[in-house]
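Student: File follows, data-v8.cif with mmCIF, C-alpha atoms:
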```cif
data_work
#
loop_
_atom_site.label_atom_id
_atom_site.label_comp_id
_atom_site.auth_asym_id
_atom_site.auth_seq_id
_atom_site.Cartn_x
_atom_site.Cartn_y
_atom_site.Cartn_z
CA MET L 1 -154.43 76.24 243.64
CA ALA L 2 -152.05 76.96 240.79
CA ASP L 3 -149.55 74.57 242.29
CA GLN L 4 -152.16 71.88 242.53
CA ALA L 5 -153.15 72.33 238.92
CA ARG L 6 -149.56 71.81 237.89
CA THR L 7 -149.13 68.58 239.78
CA THR L 8 -149.00 65.68 237.37
CA ASP L 9 -150.08 62.10 237.93
CA GLN L 10 -146.48 61.09 238.51
CA THR L 11 -145.92 63.51 241.36
CA ARG L 12 -149.23 62.84 243.06
CA THR L 13 -149.15 60.78 246.17
CA PRO L 14 -151.76 58.00 246.18
CA ASP L 15 -153.93 60.19 248.41
CA GLN L 16 -154.38 62.67 245.63
CA THR L 17 -155.75 60.46 242.84
CA PRO L 18 -159.35 61.18 241.86
CA GLY L 19 -160.24 57.92 243.55
CA ALA L 20 -158.78 58.90 246.89
CA THR L 21 -161.67 61.23 247.63
CA LEU L 22 -164.30 58.65 246.71
CA GLU L 23 -166.67 57.65 249.44
CA PHE L 24 -168.51 54.38 249.57
CA VAL L 25 -171.81 56.07 248.69
CA HIS L 26 -170.35 57.19 245.36
CA LEU L 27 -169.56 53.59 244.53
CA ALA L 28 -172.85 52.30 245.85
CA GLU L 29 -174.74 54.60 243.47
CA HIS L 30 -173.86 52.08 240.76
CA ARG L 31 -175.07 49.10 242.72
CA VAL L 32 -178.37 48.71 240.86
CA TYR L 33 -176.59 48.72 237.51
CA LEU L 34 -173.94 46.25 238.66
CA LEU L 35 -176.61 43.93 240.04
CA ARG L 36 -178.54 44.03 236.78
CA ILE L 37 -175.56 42.94 234.68
CA ALA L 38 -174.35 40.41 237.28
CA ARG L 39 -177.80 38.80 237.33
CA LEU L 40 -177.87 38.46 233.54
CA GLU L 41 -174.43 36.86 233.64
CA LEU L 42 -174.88 34.52 236.60
CA ARG L 43 -178.64 33.82 236.58
CA ASP L 44 -178.55 33.57 240.35
CA GLU L 45 -179.78 36.35 242.61
CA HIS L 46 -177.62 35.42 245.61
CA LEU L 47 -174.43 34.89 243.66
CA ALA L 48 -175.01 38.17 241.86
CA GLU L 49 -175.53 40.00 245.20
CA ASP L 50 -172.35 38.43 246.60
CA CYS L 51 -170.26 39.32 243.58
CA VAL L 52 -171.50 42.91 243.53
CA SER L 53 -170.91 43.36 247.27
CA ASP L 54 -167.42 41.89 246.96
CA ALA L 55 -166.67 44.08 243.97
CA LEU L 56 -167.86 47.24 245.77
CA THR L 57 -165.84 46.41 248.89
CA GLN L 58 -162.77 45.67 246.82
CA ALA L 59 -163.25 48.85 244.81
CA TYR L 60 -163.49 50.90 248.00
CA GLU L 61 -160.34 49.31 249.39
CA LYS L 62 -158.35 50.14 246.29
CA ARG L 63 -160.13 53.42 245.50
CA ALA L 64 -156.79 55.26 245.38
CA SER L 65 -155.92 53.28 242.24
CA PHE L 66 -158.89 54.81 240.39
CA ARG L 67 -157.19 57.45 238.26
CA GLY L 68 -160.24 58.73 236.48
CA ALA L 69 -159.00 57.63 233.06
CA SER L 70 -162.26 55.74 232.55
CA SER L 71 -165.61 56.50 234.11
CA LEU L 72 -166.28 55.21 237.59
CA LYS L 73 -168.95 52.93 236.15
CA THR L 74 -166.48 51.38 233.71
CA TRP L 75 -163.92 50.92 236.46
CA LEU L 76 -166.45 49.21 238.73
CA THR L 77 -167.65 47.02 235.86
CA SER L 78 -164.11 45.74 235.27
CA ILE L 79 -163.71 44.91 238.97
CA LEU L 80 -167.05 43.09 238.92
CA LYS L 81 -166.02 41.23 235.78
CA ASN L 82 -162.90 39.93 237.51
CA ARG L 83 -164.99 38.64 240.43
CA ILE L 84 -167.42 36.99 238.04
CA VAL L 85 -164.71 35.40 235.92
CA ASP L 86 -163.09 33.92 239.04
CA LEU L 87 -166.42 32.46 240.04
CA LEU L 88 -167.19 31.08 236.57
CA ARG L 89 -163.79 29.45 236.30
CA LYS L 90 -164.42 27.70 239.60
CA GLN L 91 -167.94 26.66 238.59
CA TRP L 92 -166.84 25.40 235.21
CA ARG L 93 -164.06 23.38 236.80
CA GLU L 94 -166.32 21.80 239.38
CA GLN L 95 -169.28 21.05 237.11
CA PRO L 96 -168.46 18.88 234.15
CA LEU L 97 -169.81 20.25 230.90
CA GLU L 98 -173.58 19.82 230.82
CA PRO L 99 -174.62 17.76 227.83
CA GLU L 100 -175.67 20.75 225.79
CA PRO L 101 -178.13 20.39 222.97
CA SER L 102 -175.88 20.11 219.96
CA GLY L 103 -176.21 23.53 218.41
CA GLU L 104 -175.17 22.59 214.92
CA GLN L 105 -177.75 19.85 214.67
CA ASP L 106 -180.50 22.14 215.89
CA PHE L 107 -179.57 24.76 213.36
CA ASP L 108 -179.58 22.14 210.60
CA LYS L 109 -183.36 22.34 210.73
CA LEU L 110 -183.19 25.98 209.70
CA PHE L 111 -181.50 25.08 206.41
CA ASP L 112 -182.51 22.98 203.40
CA GLU L 113 -180.29 20.25 202.00
CA THR L 114 -178.24 22.80 200.05
CA GLY L 115 -177.60 24.80 203.23
CA HIS L 116 -179.96 27.67 202.46
CA TYR L 117 -182.47 29.20 204.84
CA ILE L 118 -185.83 27.49 204.62
CA GLN L 119 -187.64 30.42 206.18
CA MET L 120 -186.73 33.95 205.24
CA PRO L 121 -185.14 35.70 208.24
CA SER L 122 -186.98 38.91 209.12
CA ALA L 123 -185.60 42.16 207.82
CA VAL L 124 -184.66 44.80 210.38
CA SER L 125 -185.24 48.13 208.72
CA ASP L 126 -183.93 50.37 211.49
CA PRO L 127 -181.80 48.67 214.18
CA ALA L 128 -181.17 51.96 216.04
CA ASP L 129 -184.88 52.71 216.27
CA LEU L 130 -185.74 49.13 217.26
CA CYS L 131 -183.15 49.21 220.05
CA GLN L 132 -184.75 52.35 221.49
CA GLN L 133 -187.86 50.33 222.28
CA ASP L 134 -188.09 48.98 225.83
CA GLY L 135 -190.31 46.16 224.62
CA PHE L 136 -187.68 44.91 222.20
CA LEU L 137 -184.90 45.15 224.79
CA ALA L 138 -187.06 43.19 227.24
CA ALA L 139 -187.65 40.52 224.57
CA VAL L 140 -183.91 40.31 223.93
CA GLN L 141 -183.23 39.94 227.65
CA GLN L 142 -185.80 37.14 227.91
CA CYS L 143 -184.18 35.31 225.01
CA VAL L 144 -180.70 35.72 226.58
CA ASP L 145 -182.06 34.25 229.82
CA LYS L 146 -183.29 31.22 227.86
CA LEU L 147 -179.92 30.43 226.27
CA PRO L 148 -178.15 27.30 227.55
CA LYS L 149 -176.27 28.54 230.62
CA ARG L 150 -172.69 28.50 229.41
CA ILE L 151 -173.52 29.84 225.98
CA GLY L 152 -175.38 32.67 227.70
CA GLN L 153 -172.47 33.34 230.03
CA VAL L 154 -169.97 33.63 227.18
CA PHE L 155 -172.37 35.85 225.23
CA VAL L 156 -173.02 38.22 228.15
CA LEU L 157 -169.30 38.48 228.95
CA ARG L 158 -168.80 39.41 225.31
CA GLU L 159 -171.65 41.83 224.77
CA VAL L 160 -172.28 43.33 228.20
CA PHE L 161 -168.88 43.17 229.88
CA GLY L 162 -167.07 43.84 226.62
CA SER L 163 -164.54 40.98 226.74
CA ASP L 164 -162.90 40.29 223.41
CA THR L 165 -161.91 36.87 222.08
CA GLY L 166 -158.45 37.00 223.67
CA GLU L 167 -159.83 37.83 227.10
CA LEU L 168 -162.52 35.16 226.88
CA CYS L 169 -159.93 32.52 225.98
CA LYS L 170 -157.66 33.55 228.84
CA ASP L 171 -160.40 34.09 231.43
CA LEU L 172 -162.38 30.95 230.71
CA GLY L 173 -159.57 28.68 229.59
CA ILE L 174 -161.15 27.85 226.23
CA THR L 175 -159.83 28.04 222.67
CA THR L 176 -160.51 30.76 220.11
CA SER L 177 -162.58 28.44 217.94
CA ASN L 178 -164.57 27.35 220.98
CA VAL L 179 -165.32 30.99 221.84
CA TRP L 180 -166.47 31.64 218.27
CA VAL L 181 -168.65 28.52 218.20
CA GLN L 182 -170.32 29.50 221.49
CA LEU L 183 -170.97 33.02 220.24
CA TYR L 184 -172.30 31.73 216.89
CA ARG L 185 -174.68 29.44 218.73
CA ALA L 186 -175.76 32.24 221.03
CA ARG L 187 -176.53 34.54 218.11
CA MET L 188 -178.36 31.87 216.12
CA MET L 189 -180.44 30.87 219.14
CA LEU L 190 -181.20 34.50 219.91
CA ARG L 191 -182.29 35.26 216.38
CA THR L 192 -184.47 32.14 216.31
CA CYS L 193 -185.98 33.14 219.66
CA LEU L 194 -186.63 36.69 218.47
CA GLU L 195 -188.11 35.49 215.15
CA LYS L 196 -191.05 34.14 217.17
CA GLY L 197 -192.00 37.77 217.66
CA GLY L 198 -191.07 38.69 214.06
CA PHE L 199 -187.75 40.09 215.31
CA GLY L 200 -189.39 43.12 216.82
CA ARG L 201 -191.97 43.73 214.11
CA ALA L 202 -194.90 42.10 215.82
CA MET X 1 -177.02 38.40 186.09
CA LEU X 2 -173.26 38.50 186.48
CA LYS X 3 -173.36 38.70 190.29
CA ARG X 4 -175.45 35.54 190.49
CA LYS X 5 -173.14 33.78 188.09
CA ILE X 6 -170.13 34.70 190.24
CA ALA X 7 -171.92 33.68 193.43
CA ARG X 8 -172.66 30.25 191.93
CA HIS X 9 -169.08 29.71 190.82
CA PRO X 10 -167.46 26.92 192.87
CA VAL X 11 -164.68 29.27 193.99
CA PHE X 12 -167.16 31.64 195.61
CA ARG X 13 -170.17 29.50 196.39
CA ILE X 14 -170.95 29.13 200.08
CA SER X 15 -174.12 28.01 201.81
CA CYS X 16 -176.19 30.29 204.03
CA GLN X 17 -175.18 28.09 206.93
CA HIS X 18 -171.52 28.78 206.24
CA ALA X 19 -172.22 32.46 205.59
CA SER X 20 -174.00 32.76 208.95
CA ARG X 21 -170.97 31.37 210.75
CA LEU X 22 -168.78 33.92 208.98
CA LEU X 23 -171.23 36.69 209.91
CA SER X 24 -170.85 35.80 213.57
CA GLN X 25 -167.08 35.42 213.30
CA ARG X 26 -166.92 38.82 211.62
CA GLU X 27 -168.29 40.36 214.82
CA GLU X 28 -165.23 39.04 216.67
CA ALA X 29 -162.30 39.55 214.33
CA PRO X 30 -161.63 40.75 210.79
CA LEU X 31 -162.12 37.86 208.38
CA PRO X 32 -159.17 36.64 206.32
CA PHE X 33 -159.26 37.77 202.70
CA ALA X 34 -160.76 34.69 201.02
CA PRO X 35 -163.68 34.16 203.41
CA ARG X 36 -164.33 37.90 203.42
CA LEU X 37 -164.57 37.93 199.63
CA ARG X 38 -166.84 34.85 199.55
CA LEU X 39 -169.11 36.36 202.17
CA TRP X 40 -169.26 39.65 200.30
CA VAL X 41 -170.21 37.89 197.07
CA HIS X 42 -172.80 35.79 198.92
CA LEU X 43 -174.37 38.85 200.56
CA CYS X 44 -174.67 40.53 197.14
CA VAL X 45 -177.13 37.87 196.02
CA CYS X 46 -178.67 36.54 199.24
CA ASP X 47 -181.45 38.49 200.97
CA ALA X 48 -181.73 35.93 203.74
CA CYS X 49 -178.13 36.34 204.89
CA THR X 50 -178.31 40.10 204.42
CA ASN X 51 -181.18 40.04 206.91
CA VAL X 52 -179.23 37.79 209.29
CA SER X 53 -176.31 40.19 209.07
CA ARG X 54 -178.61 43.05 210.16
CA GLN X 55 -180.05 40.89 212.91
CA PHE X 56 -176.59 40.16 214.33
CA GLN X 57 -175.75 43.87 214.25
CA THR X 58 -179.06 44.59 215.94
CA LEU X 59 -178.26 42.08 218.69
CA ARG X 60 -174.98 43.83 219.43
CA LEU X 61 -176.67 47.23 219.55
CA ALA X 62 -179.52 45.88 221.66
CA MET X 63 -177.11 44.54 224.29
CA GLN X 64 -175.32 47.88 224.33
CA ARG X 65 -178.61 49.74 224.83
CA TRP X 66 -179.73 47.23 227.44
CA ARG X 67 -176.54 47.86 229.37
CA GLU X 68 -176.81 51.66 229.17
CA ARG X 69 -180.50 51.79 230.08
CA ASP X 70 -181.07 53.06 233.60
#
```
Output the structure of this file as structure tokens.
Tutor:
Amino acid sequence: MADQARTTDQTRTPDQTPGATLEFVHLAEHRVYLLRIARLELRDEHLAEDCVSDALTQAYEKRASFRGASSLKTWLTSILKNRIVDLLRKQWREQPLEPEPSGEQDFDKLFDETGHYIQMPSAVSDPADLCQQDGFLAAVQQCVDKLPKRIGQVFVLREVFGSDTGELCKDLGITTSNVWVQLYRARMMLRTCLEKGGFGRA
Amino acid sequence: MLKRKIARHPVFRISCQHASRLLSQREEAPLPFAPRLRLWVHLCVCDACTNVSRQFQTLRLAMQRWRERD
């Protein structure tokens, strides 16, 4: 036992990484979670199922490369993200950009001629408390589902899968300013959507 | 009030529309000095954008909680 404790990562054979002892059931415990985030990203039950199954199979095949530096859930999420990004890249290439409602013009209605808000945005007194409420989280999810598809996909990659600007540019083949415009639109649409319910106050 | 005077000065004056874009951009990367200063001055005098700023922060937290929820 003492010898084992002294073994470092460098001297371990692949069989001895924390991942080597993983069984498929350990991975499959996270299936429900992975499906939930894949569904929000892809908006397609079957595609989400496929991506999650692929990700779990792939994770099992390369389980020895799981070194336990991050949690298993985080590791699986990054594998799923790679599957999803591959799929999105293919979809985006095949489908020409849908004529999206021009975000800027829509938001123009929110502002007066001097560029100031016509209607006072609702104050959020306690974001932490609000985000504990299942009802508010459900409302947010509904609003995310209503975003134009690509704007929603960029937003979910950012906020759920944790991609930063650099990753989004590289993964989706779009420019930094494009990423920021999509995220700005997503946030403005989400806040407008949530304002219908008083941004959680109603 | 001095703050309002500064906020109305052409060097600092930005619209809420512009401020909202900066608020979103700020979630992605640190703002360069000049826009950061203009936004700060704007937020000192503008309740609307202060609320939007909180809303954007709330959105980020909400997505985090949504993800962690079992």
Student: Would you write out, as a list of chain:residue names, every residue that the PyMOL selection byres ((chain L) within 6 of (chain X)) captures in this file?
Tutor: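 Taken on the displayed file, the PyMOL selection byres ((chain L) within 6 of (chain X)) yields the residues L:Gly115, L:His116, L:Met120, L:Pro121, L:Ala123, L:Pro127, L:Cys131, L:Tyr184.
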Student: Let me know the residues the PyMOL selection byres ((chain L and resi 60) around 10) catches in the file above, as a PyMOL selection string.
Tutor: chain L and resi 19-20+22-28+54-59+61-66+76
Student: Given the file shown, enumerate the residues that the PyMOL selection byres ((chain L and resi 146-151) around 9) captures and present them as an MDAnalysis selection string.
Tutor: chainID L and resid 42:43 92 97:98 100:101 141:145 152:156 182:183 185:186 189:190 193
Student: Name all residues at most 12 Å from His9 in chain X (count all atoms listed in the file; drop same-chain ones fewer than 5 positions away) and give them as a ChimeraX atom specification.
Tutor: /X:2-4,14,38,41-42
Student: L:Leu34, L:Glu45, L:Asp171, L:Ile118: which is nearest Ile79 in chain L, counting only C-alpha atoms?
Tutor: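 Among the listed residues, L:Leu34 lies closest to Ile79 in chain L.
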Student: I'd like the interatomic distance between CA of Leu194 in chain L and CA of Ala139 in chain L, to a tenth of an Å.
Tutor: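 Taking CA of Leu194 in chain L and CA of Ala139 in chain L, their separation equals 7.3 Å.
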Student: So the first atom is CA of Arg201 in chain L and the second is CA of Ala38 in chain L; what is the distance between them in Å, to one decimal place?
Tutor: 29.3 Å
Student: Could you work out how far CA of Gln132 in chain L lies from CA of Gly200 in chain L, giving the answer in Å with one decimal?
Tutor: 11.3 Å
Student: What's the 10 Å shell around Gln119 in chain L, counting all atoms listed in the file, without same-chain residues fewer than 4 positions away, as a list of chain:residue names?
Tutor: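 So the residues in contact are L:Leu110, L:Phe111, L:Asp112, X:Ala48.
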Student: For Glu49 in chain L, which of L:Leu72, L:Leu130, L:Ile84, L:Met188 is the closest residue, counting all atoms listed in the file?
Tutor: L:Ile84
Student: Tell me which protein, DNA and RNA residues are within 8 Å of Thr176 in chain L, counting all atoms listed in the file, leaving out same-chain ones fewer than 3 positions away, and put them as a compact mmCIF listing (two decimals) with C-alpha atoms, in the frame of the given file.
Tutor:
```txt
# COMPACT_ATOMS: atom_id res chain seq x y z
CA THR L 165 -161.91 36.87 222.08
CA GLY L 166 -158.45 37.00 223.67
CA CYS L 169 -159.93 32.52 225.98
CA VAL L 179 -165.32 30.99 221.84
CA TRP L 180 -166.47 31.64 218.27
```
Student: With all atoms listed in the file as the atoms that count, which of L:Glu29, L:Asp50, L:Asp44, L:Glu195 lies nearest to Val124 in chain L?
Tutor: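 For Val124 in chain L, the nearest of the given residues is L:Glu195.
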Student: So that I can look at just that part, could you write range 131-173 of chain L with C-alpha atoms, as a PDB file, in the first residue's frame?
Tutor:
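As a result, selection.pdb now contains:
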```pdb
ATOM      1  CA  CYS L 131     -31.852  31.971  -8.682  1.00  0.00           C
ATOM      2  CA  GLN L 132     -32.742  29.567  -5.859  1.00  0.00           C
ATOM      3  CA  GLN L 133     -36.334  29.582  -7.065  1.00  0.00           C
ATOM      4  CA  ASP L 134     -37.303  26.714  -9.359  1.00  0.00           C
ATOM      5  CA  GLY L 135     -40.032  28.859 -10.893  1.00  0.00           C
ATOM      6  CA  PHE L 136     -37.557  31.506 -11.984  1.00  0.00           C
ATOM      7  CA  LEU L 137     -35.122  28.942 -13.384  1.00  0.00           C
ATOM      8  CA  ALA L 138     -37.976  27.350 -15.335  1.00  0.00           C
ATOM      9  CA  ALA L 139     -38.930  30.784 -16.722  1.00  0.00           C
ATOM     10  CA  VAL L 140     -35.325  31.381 -17.766  1.00  0.00           C
ATOM     11  CA  GLN L 141     -35.199  28.005 -19.490  1.00  0.00           C
ATOM     12  CA  GLN L 142     -38.413  28.768 -21.373  1.00  0.00           C
ATOM     13  CA  CYS L 143     -37.000  32.080 -22.547  1.00  0.00           C
ATOM     14  CA  VAL L 144     -33.741  30.397 -23.664  1.00  0.00           C
ATOM     15  CA  ASP L 145     -35.798  27.884 -25.656  1.00  0.00           C
ATOM     16  CA  LYS L 146     -37.537  30.791 -27.412  1.00  0.00           C
ATOM     17  CA  LEU L 147     -34.325  32.485 -28.568  1.00  0.00           C
ATOM     18  CA  PRO L 148     -33.586  32.319 -32.305  1.00  0.00           C
ATOM     19  CA  LYS L 149     -31.811  28.976 -32.715  1.00  0.00           C
ATOM     20  CA  ARG L 150     -28.253  30.061 -33.359  1.00  0.00           C
ATOM     21  CA  ILE L 151     -28.311  32.840 -30.807  1.00  0.00           C
ATOM     22  CA  GLY L 152     -29.555  30.293 -28.282  1.00  0.00           C
ATOM     23  CA  GLN L 153     -26.852  27.815 -29.257  1.00  0.00           C
ATOM     24  CA  VAL L 154     -24.059  30.349 -28.774  1.00  0.00           C
ATOM     25  CA  PHE L 155     -25.566  31.470 -25.464  1.00  0.00           C
ATOM     26  CA  VAL L 156     -25.906  27.921 -24.089  1.00  0.00           C
ATOM     27  CA  LEU L 157     -22.364  27.016 -25.159  1.00  0.00           C
ATOM     28  CA  ARG L 158     -21.223  30.098 -23.281  1.00  0.00           C
ATOM     29  CA  GLU L 159     -23.276  29.840 -20.122  1.00  0.00           C
ATOM     30  CA  VAL L 160     -23.877  26.115 -19.689  1.00  0.00           C
ATOM     31  CA  PHE L 161     -20.854  24.523 -21.345  1.00  0.00           C
ATOM     32  CA  GLY L 162     -18.571  27.323 -20.195  1.00  0.00           C
ATOM     33  CA  SER L 163     -16.900  28.134 -23.527  1.00  0.00           C
ATOM     34  CA  ASP L 164     -15.120  31.475 -23.542  1.00  0.00           C
ATOM     35  CA  THR L 165     -14.909  33.874 -26.476  1.00  0.00           C
ATOM     36  CA  GLY L 166     -11.735  32.271 -27.850  1.00  0.00           C
ATOM     37  CA  GLU L 167     -13.240  28.784 -27.817  1.00  0.00           C
ATOM     38  CA  LEU L 168     -16.482  29.959 -29.399  1.00  0.00           C
ATOM     39  CA  CYS L 169     -14.579  31.659 -32.227  1.00  0.00           C
ATOM     40  CA  LYS L 170     -12.459  28.581 -32.865  1.00  0.00           C
ATOM     41  CA  ASP L 171     -15.245  26.010 -32.442  1.00  0.00           C
ATOM     42  CA  LEU L 172     -17.874  27.806 -34.483  1.00  0.00           C
ATOM     43  CA  GLY L 173     -15.638  29.574 -36.968  1.00  0.00           C
TER      44      GLY L 173
END
```
